[in-house]
file input24.cif (mmCIF, N, CA and C atoms)
data_coords
loop_
_atom_site.label_atom_id
_atom_site.label_comp_id
_atom_site.auth_asym_id
_atom_site.auth_seq_id
_atom_site.Cartn_x
_atom_site.Cartn_y
_atom_site.Cartn_z
N MET T 1 -2.07 158.76 29.31
CA MET T 1 -1.87 157.38 29.71
C MET T 1 -2.33 157.16 31.14
N CYS T 2 -1.92 158.00 32.08
CA CYS T 2 -2.28 157.82 33.47
C CYS T 2 -3.78 158.00 33.66
N ALA T 3 -4.39 158.95 32.96
CA ALA T 3 -5.83 159.18 33.13
C ALA T 3 -6.61 157.92 32.80
N SER T 4 -6.21 157.24 31.74
CA SER T 4 -6.91 156.02 31.34
C SER T 4 -6.68 154.90 32.34
N SER T 5 -5.43 154.66 32.72
CA SER T 5 -5.14 153.57 33.64
C SER T 5 -5.65 153.88 35.04
N CYS T 6 -5.66 155.13 35.45
CA CYS T 6 -6.20 155.51 36.76
C CYS T 6 -7.71 155.29 36.79
N HIS T 7 -8.39 155.61 35.67
CA HIS T 7 -9.83 155.39 35.60
C HIS T 7 -10.14 153.90 35.72
N VAL T 8 -9.37 153.06 35.04
CA VAL T 8 -9.58 151.62 35.11
C VAL T 8 -9.36 151.13 36.53
N ALA T 9 -8.29 151.58 37.19
CA ALA T 9 -8.00 151.16 38.56
C ALA T 9 -9.11 151.60 39.51
N ALA T 10 -9.61 152.81 39.35
CA ALA T 10 -10.69 153.31 40.20
C ALA T 10 -11.97 152.50 39.98
N THR T 11 -12.26 152.19 38.74
CA THR T 11 -13.46 151.41 38.43
C THR T 11 -13.34 150.02 39.03
N GLN T 12 -12.19 149.37 38.88
CA GLN T 12 -11.99 148.04 39.45
C GLN T 12 -12.13 148.07 40.97
N ARG T 13 -11.57 149.11 41.61
CA ARG T 13 -11.66 149.24 43.06
C ARG T 13 -13.11 149.40 43.48
N ARG T 14 -13.87 150.26 42.77
CA ARG T 14 -15.28 150.49 43.08
C ARG T 14 -16.07 149.19 42.95
N LEU T 15 -15.82 148.43 41.89
CA LEU T 15 -16.52 147.16 41.70
C LEU T 15 -16.16 146.16 42.79
N HIS T 16 -14.87 146.10 43.13
CA HIS T 16 -14.42 145.16 44.16
C HIS T 16 -15.03 145.50 45.52
N GLU T 17 -15.22 146.78 45.78
CA GLU T 17 -15.78 147.20 47.06
C GLU T 17 -17.29 147.15 47.09
N GLY T 18 -17.91 146.63 46.02
CA GLY T 18 -19.35 146.47 46.01
C GLY T 18 -20.09 147.65 45.41
N GLY T 19 -19.40 148.48 44.67
CA GLY T 19 -20.03 149.63 44.03
C GLY T 19 -20.86 149.21 42.84
N THR T 20 -21.37 150.20 42.14
CA THR T 20 -22.22 149.88 41.00
C THR T 20 -21.38 149.35 39.85
N GLY T 21 -21.98 148.55 39.04
CA GLY T 21 -21.30 147.97 37.89
C GLY T 21 -21.94 146.65 37.54
N SER T 22 -21.57 146.11 36.41
CA SER T 22 -22.21 144.88 35.98
C SER T 22 -21.39 143.64 36.33
N TRP T 23 -20.18 143.82 36.81
CA TRP T 23 -19.33 142.70 37.17
C TRP T 23 -19.20 142.67 38.67
N SER T 24 -19.39 141.54 39.28
CA SER T 24 -19.39 141.45 40.73
C SER T 24 -18.39 140.41 41.20
N PRO T 25 -17.18 140.83 41.62
CA PRO T 25 -16.20 139.86 42.07
C PRO T 25 -16.35 139.44 43.52
N ALA T 26 -16.82 140.32 44.40
CA ALA T 26 -16.76 140.01 45.81
C ALA T 26 -18.09 140.17 46.53
N ARG T 27 -18.96 141.00 46.03
CA ARG T 27 -20.21 141.25 46.71
C ARG T 27 -21.02 139.96 46.77
N ARG T 28 -21.38 139.56 47.97
CA ARG T 28 -22.16 138.34 48.21
C ARG T 28 -21.47 137.12 47.60
N ARG T 29 -20.16 137.11 47.67
CA ARG T 29 -19.37 136.01 47.11
C ARG T 29 -19.89 134.67 47.60
N GLY T 30 -20.10 133.78 46.67
CA GLY T 30 -20.51 132.43 47.01
C GLY T 30 -22.00 132.28 47.28
N SER T 31 -22.79 133.34 47.14
CA SER T 31 -24.22 133.20 47.42
C SER T 31 -24.95 132.48 46.30
N VAL T 32 -24.31 132.36 45.14
CA VAL T 32 -24.84 131.59 44.02
C VAL T 32 -23.88 130.44 43.75
N SER T 33 -24.43 129.28 43.44
CA SER T 33 -23.61 128.11 43.12
C SER T 33 -24.01 127.55 41.76
N ALA T 34 -23.07 126.87 41.15
CA ALA T 34 -23.33 126.08 39.95
C ALA T 34 -23.21 124.63 40.37
N ALA T 35 -24.30 123.89 40.21
CA ALA T 35 -24.30 122.48 40.57
C ALA T 35 -24.27 121.65 39.29
N PHE T 36 -23.63 120.50 39.36
CA PHE T 36 -23.49 119.63 38.21
C PHE T 36 -24.07 118.26 38.54
N VAL T 37 -24.91 117.77 37.63
CA VAL T 37 -25.56 116.46 37.79
C VAL T 37 -25.46 115.74 36.45
N THR T 38 -25.06 114.48 36.46
CA THR T 38 -25.07 113.69 35.22
C THR T 38 -26.31 112.82 35.20
N CYS T 39 -26.85 112.64 34.00
CA CYS T 39 -28.05 111.83 33.79
C CYS T 39 -27.81 110.84 32.66
N PRO T 40 -28.53 109.72 32.67
CA PRO T 40 -28.30 108.69 31.65
C PRO T 40 -28.76 109.09 30.26
N ASN T 41 -29.71 110.03 30.16
CA ASN T 41 -30.21 110.43 28.85
C ASN T 41 -30.92 111.78 28.95
N GLU T 42 -31.28 112.31 27.79
CA GLU T 42 -31.90 113.64 27.73
C GLU T 42 -33.28 113.67 28.38
N LYS T 43 -34.03 112.61 28.24
CA LYS T 43 -35.38 112.56 28.83
C LYS T 43 -35.32 112.74 30.34
N VAL T 44 -34.47 111.98 31.00
CA VAL T 44 -34.31 112.08 32.45
C VAL T 44 -33.81 113.47 32.83
N ALA T 45 -32.82 113.97 32.10
CA ALA T 45 -32.25 115.29 32.40
C ALA T 45 -33.31 116.39 32.28
N LYS T 46 -34.13 116.34 31.23
CA LYS T 46 -35.17 117.35 31.05
C LYS T 46 -36.22 117.28 32.15
N GLU T 47 -36.59 116.07 32.54
CA GLU T 47 -37.58 115.92 33.61
C GLU T 47 -37.06 116.51 34.92
N ILE T 48 -35.83 116.21 35.26
CA ILE T 48 -35.25 116.74 36.50
C ILE T 48 -35.07 118.25 36.39
N ALA T 49 -34.58 118.72 35.24
CA ALA T 49 -34.36 120.16 35.06
C ALA T 49 -35.66 120.93 35.22
N ARG T 50 -36.70 120.49 34.55
CA ARG T 50 -37.99 121.17 34.65
C ARG T 50 -38.49 121.18 36.10
N ALA T 51 -38.36 120.07 36.79
CA ALA T 51 -38.85 119.97 38.16
C ALA T 51 -38.09 120.91 39.10
N VAL T 52 -36.75 120.99 38.98
CA VAL T 52 -36.01 121.85 39.91
C VAL T 52 -36.30 123.33 39.64
N VAL T 53 -36.55 123.69 38.38
CA VAL T 53 -36.92 125.08 38.08
C VAL T 53 -38.33 125.36 38.59
N GLU T 54 -39.27 124.45 38.36
CA GLU T 54 -40.63 124.64 38.85
C GLU T 54 -40.68 124.74 40.36
N LYS T 55 -39.85 123.99 41.06
CA LYS T 55 -39.81 124.00 42.52
C LYS T 55 -38.98 125.17 43.07
N ARG T 56 -38.43 125.99 42.18
CA ARG T 56 -37.59 127.13 42.55
C ARG T 56 -36.32 126.71 43.29
N LEU T 57 -35.88 125.47 43.03
CA LEU T 57 -34.59 125.02 43.54
C LEU T 57 -33.47 125.49 42.63
N ALA T 58 -33.82 125.98 41.45
CA ALA T 58 -32.84 126.48 40.48
C ALA T 58 -33.50 127.57 39.65
N ALA T 59 -32.68 128.51 39.19
CA ALA T 59 -33.17 129.55 38.30
C ALA T 59 -33.05 129.10 36.85
N CYS T 60 -32.03 128.31 36.56
CA CYS T 60 -31.75 127.91 35.18
C CYS T 60 -30.97 126.61 35.20
N VAL T 61 -31.27 125.76 34.21
CA VAL T 61 -30.52 124.52 34.04
C VAL T 61 -30.12 124.42 32.57
N ASN T 62 -28.84 124.25 32.32
CA ASN T 62 -28.34 123.99 30.97
C ASN T 62 -28.10 122.50 30.84
N LEU T 63 -28.52 121.94 29.72
CA LEU T 63 -28.28 120.53 29.45
C LEU T 63 -27.20 120.41 28.39
N ILE T 64 -26.15 119.69 28.72
CA ILE T 64 -25.03 119.50 27.81
C ILE T 64 -25.04 118.04 27.39
N PRO T 65 -25.46 117.77 26.15
CA PRO T 65 -25.62 116.37 25.72
C PRO T 65 -24.30 115.72 25.33
N GLN T 66 -24.35 114.42 25.26
CA GLN T 66 -23.28 113.60 24.69
C GLN T 66 -21.92 113.79 25.35
N ILE T 67 -21.91 113.80 26.67
CA ILE T 67 -20.61 113.76 27.34
C ILE T 67 -20.25 112.29 27.53
N THR T 68 -18.98 112.01 27.65
CA THR T 68 -18.53 110.65 27.92
C THR T 68 -17.95 110.64 29.32
N SER T 69 -18.46 109.75 30.14
CA SER T 69 -17.95 109.60 31.50
C SER T 69 -17.21 108.28 31.62
N ILE T 70 -16.03 108.34 32.19
CA ILE T 70 -15.22 107.15 32.45
C ILE T 70 -14.96 107.13 33.94
N TYR T 71 -15.32 106.02 34.58
CA TYR T 71 -15.27 105.97 36.04
C TYR T 71 -15.17 104.52 36.50
N GLU T 72 -14.78 104.34 37.76
CA GLU T 72 -14.77 103.01 38.35
C GLU T 72 -16.06 102.81 39.12
N TRP T 73 -16.71 101.68 38.89
CA TRP T 73 -17.93 101.35 39.62
C TRP T 73 -17.92 99.87 39.95
N LYS T 74 -17.95 99.58 41.24
CA LYS T 74 -17.98 98.19 41.73
C LYS T 74 -16.83 97.37 41.16
N GLY T 75 -15.63 97.99 41.17
CA GLY T 75 -14.42 97.29 40.77
C GLY T 75 -14.15 97.21 39.28
N LYS T 76 -15.01 97.81 38.45
CA LYS T 76 -14.83 97.77 37.00
C LYS T 76 -14.72 99.19 36.46
N ILE T 77 -13.89 99.37 35.42
CA ILE T 77 -13.84 100.65 34.73
C ILE T 77 -15.00 100.68 33.74
N GLU T 78 -15.82 101.72 33.86
CA GLU T 78 -17.02 101.87 33.03
C GLU T 78 -16.86 103.08 32.11
N GLU T 79 -17.56 103.07 31.00
CA GLU T 79 -17.61 104.21 30.08
C GLU T 79 -19.05 104.35 29.60
N ASP T 80 -19.63 105.53 29.82
CA ASP T 80 -21.02 105.76 29.44
C ASP T 80 -21.19 107.12 28.78
N SER T 81 -22.18 107.19 27.90
CA SER T 81 -22.62 108.46 27.34
C SER T 81 -23.68 109.02 28.28
N GLU T 82 -23.54 110.27 28.66
CA GLU T 82 -24.47 110.89 29.60
C GLU T 82 -24.81 112.31 29.16
N VAL T 83 -25.75 112.90 29.88
CA VAL T 83 -26.11 114.31 29.71
C VAL T 83 -25.71 115.02 30.99
N LEU T 84 -25.00 116.13 30.87
CA LEU T 84 -24.58 116.91 32.03
C LEU T 84 -25.54 118.06 32.24
N MET T 85 -26.04 118.18 33.45
CA MET T 85 -26.87 119.31 33.83
C MET T 85 -26.01 120.32 34.57
N MET T 86 -26.07 121.59 34.14
CA MET T 86 -25.40 122.68 34.85
C MET T 86 -26.51 123.54 35.45
N ILE T 87 -26.60 123.52 36.76
CA ILE T 87 -27.73 124.10 37.48
C ILE T 87 -27.27 125.33 38.25
N LYS T 88 -27.94 126.47 38.01
CA LYS T 88 -27.61 127.69 38.74
C LYS T 88 -28.64 127.91 39.83
N THR T 89 -28.16 128.07 41.07
CA THR T 89 -29.03 128.17 42.23
C THR T 89 -28.36 128.99 43.32
N GLN T 90 -29.11 129.26 44.37
CA GLN T 90 -28.51 129.87 45.55
C GLN T 90 -27.74 128.80 46.31
N SER T 91 -26.61 129.17 46.85
CA SER T 91 -25.80 128.22 47.60
C SER T 91 -26.58 127.60 48.76
N SER T 92 -27.43 128.39 49.37
CA SER T 92 -28.22 127.89 50.51
C SER T 92 -29.22 126.81 50.10
N LEU T 93 -29.53 126.70 48.79
CA LEU T 93 -30.48 125.71 48.31
C LEU T 93 -29.82 124.40 47.87
N VAL T 94 -28.49 124.34 47.86
CA VAL T 94 -27.80 123.14 47.38
C VAL T 94 -28.21 121.88 48.17
N PRO T 95 -28.32 121.93 49.50
CA PRO T 95 -28.75 120.71 50.20
C PRO T 95 -30.15 120.23 49.78
N ALA T 96 -31.10 121.15 49.63
CA ALA T 96 -32.46 120.78 49.19
C ALA T 96 -32.44 120.28 47.75
N LEU T 97 -31.64 120.93 46.89
CA LEU T 97 -31.50 120.49 45.51
C LEU T 97 -30.94 119.06 45.47
N THR T 98 -29.92 118.81 46.26
CA THR T 98 -29.30 117.48 46.33
C THR T 98 -30.31 116.44 46.78
N ASP T 99 -31.05 116.74 47.83
CA ASP T 99 -32.05 115.79 48.33
C ASP T 99 -33.09 115.49 47.26
N PHE T 100 -33.56 116.53 46.55
CA PHE T 100 -34.57 116.31 45.52
C PHE T 100 -34.00 115.45 44.38
N VAL T 101 -32.82 115.80 43.90
CA VAL T 101 -32.22 115.03 42.80
C VAL T 101 -32.06 113.57 43.21
N ARG T 102 -31.56 113.34 44.41
CA ARG T 102 -31.39 111.95 44.88
C ARG T 102 -32.71 111.21 44.92
N SER T 103 -33.79 111.90 45.23
CA SER T 103 -35.10 111.24 45.36
C SER T 103 -35.72 110.85 44.02
N VAL T 104 -35.30 111.50 42.93
CA VAL T 104 -35.91 111.22 41.62
C VAL T 104 -34.94 110.63 40.60
N HIS T 105 -33.67 110.64 40.91
CA HIS T 105 -32.65 110.21 39.95
C HIS T 105 -32.60 108.69 39.85
N PRO T 106 -32.43 108.15 38.62
CA PRO T 106 -32.42 106.69 38.46
C PRO T 106 -31.14 106.00 38.91
N TYR T 107 -30.03 106.75 39.06
CA TYR T 107 -28.78 106.10 39.45
C TYR T 107 -28.80 105.71 40.93
N GLU T 108 -28.11 104.64 41.24
CA GLU T 108 -27.97 104.22 42.63
C GLU T 108 -27.26 105.31 43.44
N VAL T 109 -26.24 105.92 42.85
CA VAL T 109 -25.52 107.03 43.47
C VAL T 109 -25.49 108.17 42.46
N ALA T 110 -26.35 109.15 42.66
CA ALA T 110 -26.42 110.28 41.73
C ALA T 110 -25.26 111.25 41.98
N GLU T 111 -24.68 111.70 40.90
CA GLU T 111 -23.64 112.72 41.01
C GLU T 111 -24.33 114.08 41.18
N VAL T 112 -24.08 114.71 42.32
CA VAL T 112 -24.53 116.08 42.56
C VAL T 112 -23.37 116.77 43.24
N ILE T 113 -22.71 117.66 42.50
CA ILE T 113 -21.61 118.44 43.08
C ILE T 113 -21.88 119.90 42.79
N ALA T 114 -21.44 120.77 43.68
CA ALA T 114 -21.70 122.20 43.51
C ALA T 114 -20.45 123.01 43.84
N LEU T 115 -20.29 124.06 43.08
CA LEU T 115 -19.18 124.98 43.29
C LEU T 115 -19.73 126.39 43.48
N PRO T 116 -19.18 127.15 44.42
CA PRO T 116 -19.65 128.53 44.58
C PRO T 116 -19.21 129.39 43.40
N VAL T 117 -20.07 130.30 42.99
CA VAL T 117 -19.73 131.24 41.93
C VAL T 117 -19.03 132.43 42.60
N GLU T 118 -17.75 132.62 42.26
CA GLU T 118 -16.96 133.68 42.88
C GLU T 118 -17.08 135.01 42.14
N GLN T 119 -17.33 134.96 40.85
CA GLN T 119 -17.42 136.16 40.03
C GLN T 119 -18.49 135.95 38.97
N GLY T 120 -19.04 137.05 38.48
CA GLY T 120 -20.01 136.92 37.40
C GLY T 120 -20.71 138.23 37.11
N ASN T 121 -21.60 138.17 36.15
CA ASN T 121 -22.39 139.32 35.75
C ASN T 121 -23.39 139.60 36.87
N SER T 122 -23.23 140.71 37.55
CA SER T 122 -24.03 141.03 38.72
C SER T 122 -25.54 140.96 38.47
N PRO T 123 -26.06 141.52 37.36
CA PRO T 123 -27.51 141.39 37.14
C PRO T 123 -27.96 139.93 36.99
N TYR T 124 -27.14 139.09 36.39
CA TYR T 124 -27.49 137.67 36.26
C TYR T 124 -27.50 136.99 37.62
N LEU T 125 -26.48 137.23 38.43
CA LEU T 125 -26.42 136.62 39.75
C LEU T 125 -27.60 137.09 40.61
N GLN T 126 -27.95 138.35 40.49
CA GLN T 126 -29.10 138.88 41.21
C GLN T 126 -30.38 138.19 40.74
N TRP T 127 -30.51 137.97 39.42
CA TRP T 127 -31.67 137.27 38.88
C TRP T 127 -31.77 135.85 39.43
N VAL T 128 -30.64 135.14 39.51
CA VAL T 128 -30.64 133.79 40.06
C VAL T 128 -31.18 133.82 41.49
N ARG T 129 -30.71 134.77 42.29
CA ARG T 129 -31.18 134.87 43.67
C ARG T 129 -32.67 135.21 43.73
N GLN T 130 -33.11 136.14 42.89
CA GLN T 130 -34.53 136.55 42.90
C GLN T 130 -35.44 135.40 42.48
N VAL T 131 -35.10 134.71 41.42
CA VAL T 131 -35.96 133.64 40.91
C VAL T 131 -36.11 132.53 41.94
N THR T 132 -35.06 132.22 42.65
CA THR T 132 -35.12 131.11 43.60
C THR T 132 -35.70 131.54 44.95
N GLU T 133 -35.99 132.82 45.11
CA GLU T 133 -36.62 133.31 46.34
C GLU T 133 -38.11 133.53 46.18
N ARG T 134 -38.59 133.70 44.95
CA ARG T 134 -39.98 134.05 44.71
C ARG T 134 -40.91 132.85 44.79
N GLY T 135 -42.19 133.18 44.98
CA GLY T 135 -43.23 132.15 44.97
C GLY T 135 -43.60 131.77 43.56
N PRO T 136 -44.40 130.72 43.38
CA PRO T 136 -44.74 130.20 42.06
C PRO T 136 -45.55 131.14 41.18
N ASP T 137 -46.16 132.18 41.73
CA ASP T 137 -46.99 133.07 40.92
C ASP T 137 -46.19 134.21 40.31
N SER T 138 -44.93 134.35 40.66
CA SER T 138 -44.12 135.48 40.21
C SER T 138 -43.52 135.24 38.83
N SER T 139 -43.26 136.31 38.12
CA SER T 139 -42.60 136.23 36.81
C SER T 139 -41.13 135.92 37.00
N THR T 140 -40.55 135.20 36.05
CA THR T 140 -39.13 134.86 36.15
C THR T 140 -38.34 135.41 34.97
N ALA T 141 -38.83 136.48 34.37
CA ALA T 141 -38.13 137.06 33.22
C ALA T 141 -36.80 137.65 33.67
N LEU T 142 -35.82 137.56 32.80
CA LEU T 142 -34.53 138.20 33.08
C LEU T 142 -34.72 139.69 33.18
N PRO T 143 -33.94 140.37 34.05
CA PRO T 143 -34.07 141.82 34.20
C PRO T 143 -33.70 142.55 32.94
#

call {"tool": "encode", "arguments": {"input": "input24.cif", "output": "structure tokens"}}
result
Amino acid sequence: MCASSCHVAATQRRLHEGGTGSWSPARRRGSVSAAFVTCPNEKVAKEIARAVVEKRLAACVNLIPQITSIYEWKGKIEEDSEVLMMIKTQSSLVPALTDFVRSVHPYEVAEVIALPVEQGNSPYLQWVRQVTERGPDSSTALP
């Protein structure tokens, strides 16, 4: 019993201290962010998603269709069907990503919010950092 639980504790400690492993709780904490942007339809979302990936402002964008947003706008409660973009990028690129989205987005006030990724699959987080650091001639295949 102790051998098994001691091995687990040692492995968790090694991972937490930045050792080898596929799970990364603390190493470079917050260097990757997930940004969220709502769009009026799939066409707009795909255009923005493709552009931010091509510009290396993001490594990957997931489009989540048919969300319902309920919000107050100019004194009225509104309800709209939208597409949610989940954008994975380096935290340092969030300001540039925000500026770009604002420049091409059809809404008067585009929703762009970002949260730091505190934990995740270390090879994936490394891939996000690599893809957003490389020039346009480099391959972007997952490791």

call {"tool": "axis_aligned_box", "arguments": {"input": "input24.cif", "around": "stretch 98-115 of chain T", "padding_each_side": "5 Å", "output": "AutoDock Vina command-line options"}}
result
--center_x -27.5 --center_y 115.3 --center_z 43.4 --size_x 26.7 --size_y 32.2 --size_z 19.9

call {"tool": "atom_distance", "arguments": {"input": "input24.cif", "atom1": "atom N of T:Glu79", "atom2": "atom N of T:Phe36"}}
result
20.3 Å

call {"tool": "atom_distance", "arguments": {"input": "input24.cif", "atom1": "atom CA of T:Glu47", "atom2": "atom N of T:Glu78"}}
result
26.0 Å

call {"tool": "atom_distance", "arguments": {"input": "input24.cif", "atom1": "atom C of T:Ile77", "atom2": "atom C of T:Ala45"}}
result
24.2 Å

call {"tool": "closest_residue", "arguments": {"input": "input24.cif", "among": "T:Ala110, T:Gln126, T:Gly120, T:Val101", "to": "T:Ile48", "atoms": "only N, CA and C atoms"}}
result
T:Val101

call {"tool": "resolve_selection", "arguments": {"input": "input24.cif", "expression": "the PyMOL selection byres (((chain T and resi 66 and name CA) around 9) and name CA)", "output": "mmCIF file with N, CA and C atoms, in the frame of the given file"}}
result
data_model
loop_
_atom_site.group_PDB
_atom_site.id
_atom_site.type_symbol
_atom_site.label_atom_id
_atom_site.label_comp_id
_atom_site.auth_asym_id
_atom_site.auth_seq_id
_atom_site.Cartn_x
_atom_site.Cartn_y
_atom_site.Cartn_z
ATOM 1 N N ASN T 41 -29.710 110.030 30.160
ATOM 2 C CA ASN T 41 -30.210 110.430 28.850
ATOM 3 C C ASN T 41 -30.920 111.780 28.950
ATOM 4 N N ILE T 64 -26.150 119.690 28.720
ATOM 5 C CA ILE T 64 -25.030 119.500 27.810
ATOM 6 C C ILE T 64 -25.040 118.040 27.390
ATOM 7 N N PRO T 65 -25.460 117.770 26.150
ATOM 8 C CA PRO T 65 -25.620 116.370 25.720
ATOM 9 C C PRO T 65 -24.300 115.720 25.330
ATOM 10 N N ILE T 67 -21.910 113.800 26.670
ATOM 11 C CA ILE T 67 -20.610 113.760 27.340
ATOM 12 C C ILE T 67 -20.250 112.290 27.530
ATOM 13 N N THR T 68 -18.980 112.010 27.650
ATOM 14 C CA THR T 68 -18.530 110.650 27.920
ATOM 15 C C THR T 68 -17.950 110.640 29.320
ATOM 16 N N SER T 81 -22.180 107.190 27.900
ATOM 17 C CA SER T 81 -22.620 108.460 27.340
ATOM 18 C C SER T 81 -23.680 109.020 28.280
ATOM 19 N N GLU T 82 -23.540 110.270 28.660
ATOM 20 C CA GLU T 82 -24.470 110.890 29.600
ATOM 21 C C GLU T 82 -24.810 112.310 29.160
ATOM 22 N N VAL T 83 -25.750 112.900 29.880
ATOM 23 C CA VAL T 83 -26.110 114.310 29.710
ATOM 24 C C VAL T 83 -25.710 115.020 30.990
ATOM 25 N N LEU T 84 -25.000 116.130 30.870
ATOM 26 C CA LEU T 84 -24.580 116.910 32.030
ATOM 27 C C LEU T 84 -25.540 118.060 32.240
#

call {"tool": "residues_near_point", "arguments": {"input": "input24.cif", "point": "(-25.0, 124.1, 44.9)", "cutoff": "6 Å", "atoms": "all atoms listed in the file", "output": "ChimeraX atom specification"}}
result
/T:33-35,90-91,93-94,113-115

call {"tool": "resolve_selection", "arguments": {"input": "input24.cif", "expression": "the PyMOL selection byres ((chain T and resi 128) around 7)", "output": "number ranges by chain"}}
result
T: 58-60, 88-90, 123-127, 129-133

call {"tool": "select_by_dssp", "arguments": {"input": "input24.cif", "residues": "stretch 58-132 of chain T", "states": "strand (DSSP E)", "output": "compact mmCIF listing (two decimals) with N, CA and C atoms, keeping the file's coordinate frame"}}
result
# COMPACT_ATOMS: atom_id res chain seq x y z
N CYS T 60 -32.03 128.31 36.56
CA CYS T 60 -31.75 127.91 35.18
C CYS T 60 -30.97 126.61 35.20
N VAL T 61 -31.27 125.76 34.21
CA VAL T 61 -30.52 124.52 34.04
C VAL T 61 -30.12 124.42 32.57
N ASN T 62 -28.84 124.25 32.32
CA ASN T 62 -28.34 123.99 30.97
C ASN T 62 -28.10 122.50 30.84
N LEU T 63 -28.52 121.94 29.72
CA LEU T 63 -28.28 120.53 29.45
C LEU T 63 -27.20 120.41 28.39
N ILE T 64 -26.15 119.69 28.72
CA ILE T 64 -25.03 119.50 27.81
C ILE T 64 -25.04 118.04 27.39
N PRO T 65 -25.46 117.77 26.15
CA PRO T 65 -25.62 116.37 25.72
C PRO T 65 -24.30 115.72 25.33
N GLN T 66 -24.35 114.42 25.26
CA GLN T 66 -23.28 113.60 24.69
C GLN T 66 -21.92 113.79 25.35
N ILE T 67 -21.91 113.80 26.67
CA ILE T 67 -20.61 113.76 27.34
C ILE T 67 -20.25 112.29 27.53
N THR T 68 -18.98 112.01 27.65
CA THR T 68 -18.53 110.65 27.92
C THR T 68 -17.95 110.64 29.32
N SER T 69 -18.46 109.75 30.14
CA SER T 69 -17.95 109.60 31.50
C SER T 69 -17.21 108.28 31.62
N ILE T 70 -16.03 108.34 32.19
CA ILE T 70 -15.22 107.15 32.45
C ILE T 70 -14.96 107.13 33.94
N TYR T 71 -15.32 106.02 34.58
CA TYR T 71 -15.27 105.97 36.04
C TYR T 71 -15.17 104.52 36.50
N GLU T 72 -14.78 104.34 37.76
CA GLU T 72 -14.77 103.01 38.35
C GLU T 72 -16.06 102.81 39.12
N TRP T 73 -16.71 101.68 38.89
CA TRP T 73 -17.93 101.35 39.62
C TRP T 73 -17.92 99.87 39.95
N LYS T 76 -15.01 97.81 38.45
CA LYS T 76 -14.83 97.77 37.00
C LYS T 76 -14.72 99.19 36.46
N ILE T 77 -13.89 99.37 35.42
CA ILE T 77 -13.84 100.65 34.73
C ILE T 77 -15.00 100.68 33.74
N GLU T 78 -15.82 101.72 33.86
CA GLU T 78 -17.02 101.87 33.03
C GLU T 78 -16.86 103.08 32.11
N GLU T 79 -17.56 103.07 31.00
CA GLU T 79 -17.61 104.21 30.08
C GLU T 79 -19.05 104.35 29.60
N ASP T 80 -19.63 105.53 29.82
CA ASP T 80 -21.02 105.76 29.44
C ASP T 80 -21.19 107.12 28.78
N SER T 81 -22.18 107.19 27.90
CA SER T 81 -22.62 108.46 27.34
C SER T 81 -23.68 109.02 28.28
N GLU T 82 -23.54 110.27 28.66
CA GLU T 82 -24.47 110.89 29.60
C GLU T 82 -24.81 112.31 29.16
N VAL T 83 -25.75 112.90 29.88
CA VAL T 83 -26.11 114.31 29.71
C VAL T 83 -25.71 115.02 30.99
N LEU T 84 -25.00 116.13 30.87
CA LEU T 84 -24.58 116.91 32.03
C LEU T 84 -25.54 118.06 32.24
N MET T 85 -26.04 118.18 33.45
CA MET T 85 -26.87 119.31 33.83
C MET T 85 -26.01 120.32 34.57
N MET T 86 -26.07 121.59 34.14
CA MET T 86 -25.40 122.68 34.85
C MET T 86 -26.51 123.54 35.45
N ILE T 87 -26.60 123.52 36.76
CA ILE T 87 -27.73 124.10 37.48
C ILE T 87 -27.27 125.33 38.25
N LYS T 88 -27.94 126.47 38.01
CA LYS T 88 -27.61 127.69 38.74
C LYS T 88 -28.64 127.91 39.83
N THR T 89 -28.16 128.07 41.07
CA THR T 89 -29.03 128.17 42.23
C THR T 89 -28.36 128.99 43.32
N GLN T 90 -29.11 129.26 44.37
CA GLN T 90 -28.51 129.87 45.55
C GLN T 90 -27.74 128.80 46.31
N VAL T 112 -24.08 114.71 42.32
CA VAL T 112 -24.53 116.08 42.56
C VAL T 112 -23.37 116.77 43.24
N ILE T 113 -22.71 117.66 42.50
CA ILE T 113 -21.61 118.44 43.08
C ILE T 113 -21.88 119.90 42.79
N ALA T 114 -21.44 120.77 43.68
CA ALA T 114 -21.70 122.20 43.51
C ALA T 114 -20.45 123.01 43.84
N LEU T 115 -20.29 124.06 43.08
CA LEU T 115 -19.18 124.98 43.29
C LEU T 115 -19.73 126.39 43.48
N PRO T 116 -19.18 127.15 44.42
CA PRO T 116 -19.65 128.53 44.58
C PRO T 116 -19.21 129.39 43.40
N GLY T 120 -19.04 137.05 38.48
CA GLY T 120 -20.01 136.92 37.40
C GLY T 120 -20.71 138.23 37.11
N ASN T 121 -21.60 138.17 36.15
CA ASN T 121 -22.39 139.32 35.75
C ASN T 121 -23.39 139.60 36.87

call {"tool": "closest_residue", "arguments": {"input": "input24.cif", "among": "T:Asp99, T:Glu111, T:Glu54, T:Glu118", "to": "T:Ser31", "atoms": "all atoms listed in the file"}}
result
T:Glu118

call {"tool": "closest_residue", "arguments": {"input": "input24.cif", "among": "T:Val109, T:Ala96, T:Cys39, T:Gln119", "to": "T:Ser69", "atoms": "only C-alpha atoms"}}
result
T:Cys39

call {"tool": "closest_residue", "arguments": {"input": "input24.cif", "among": "T:Tyr71, T:Pro95, T:Lys76, T:Val37", "to": "T:Val112", "atoms": "all atoms listed in the file"}}
result
T:Val37
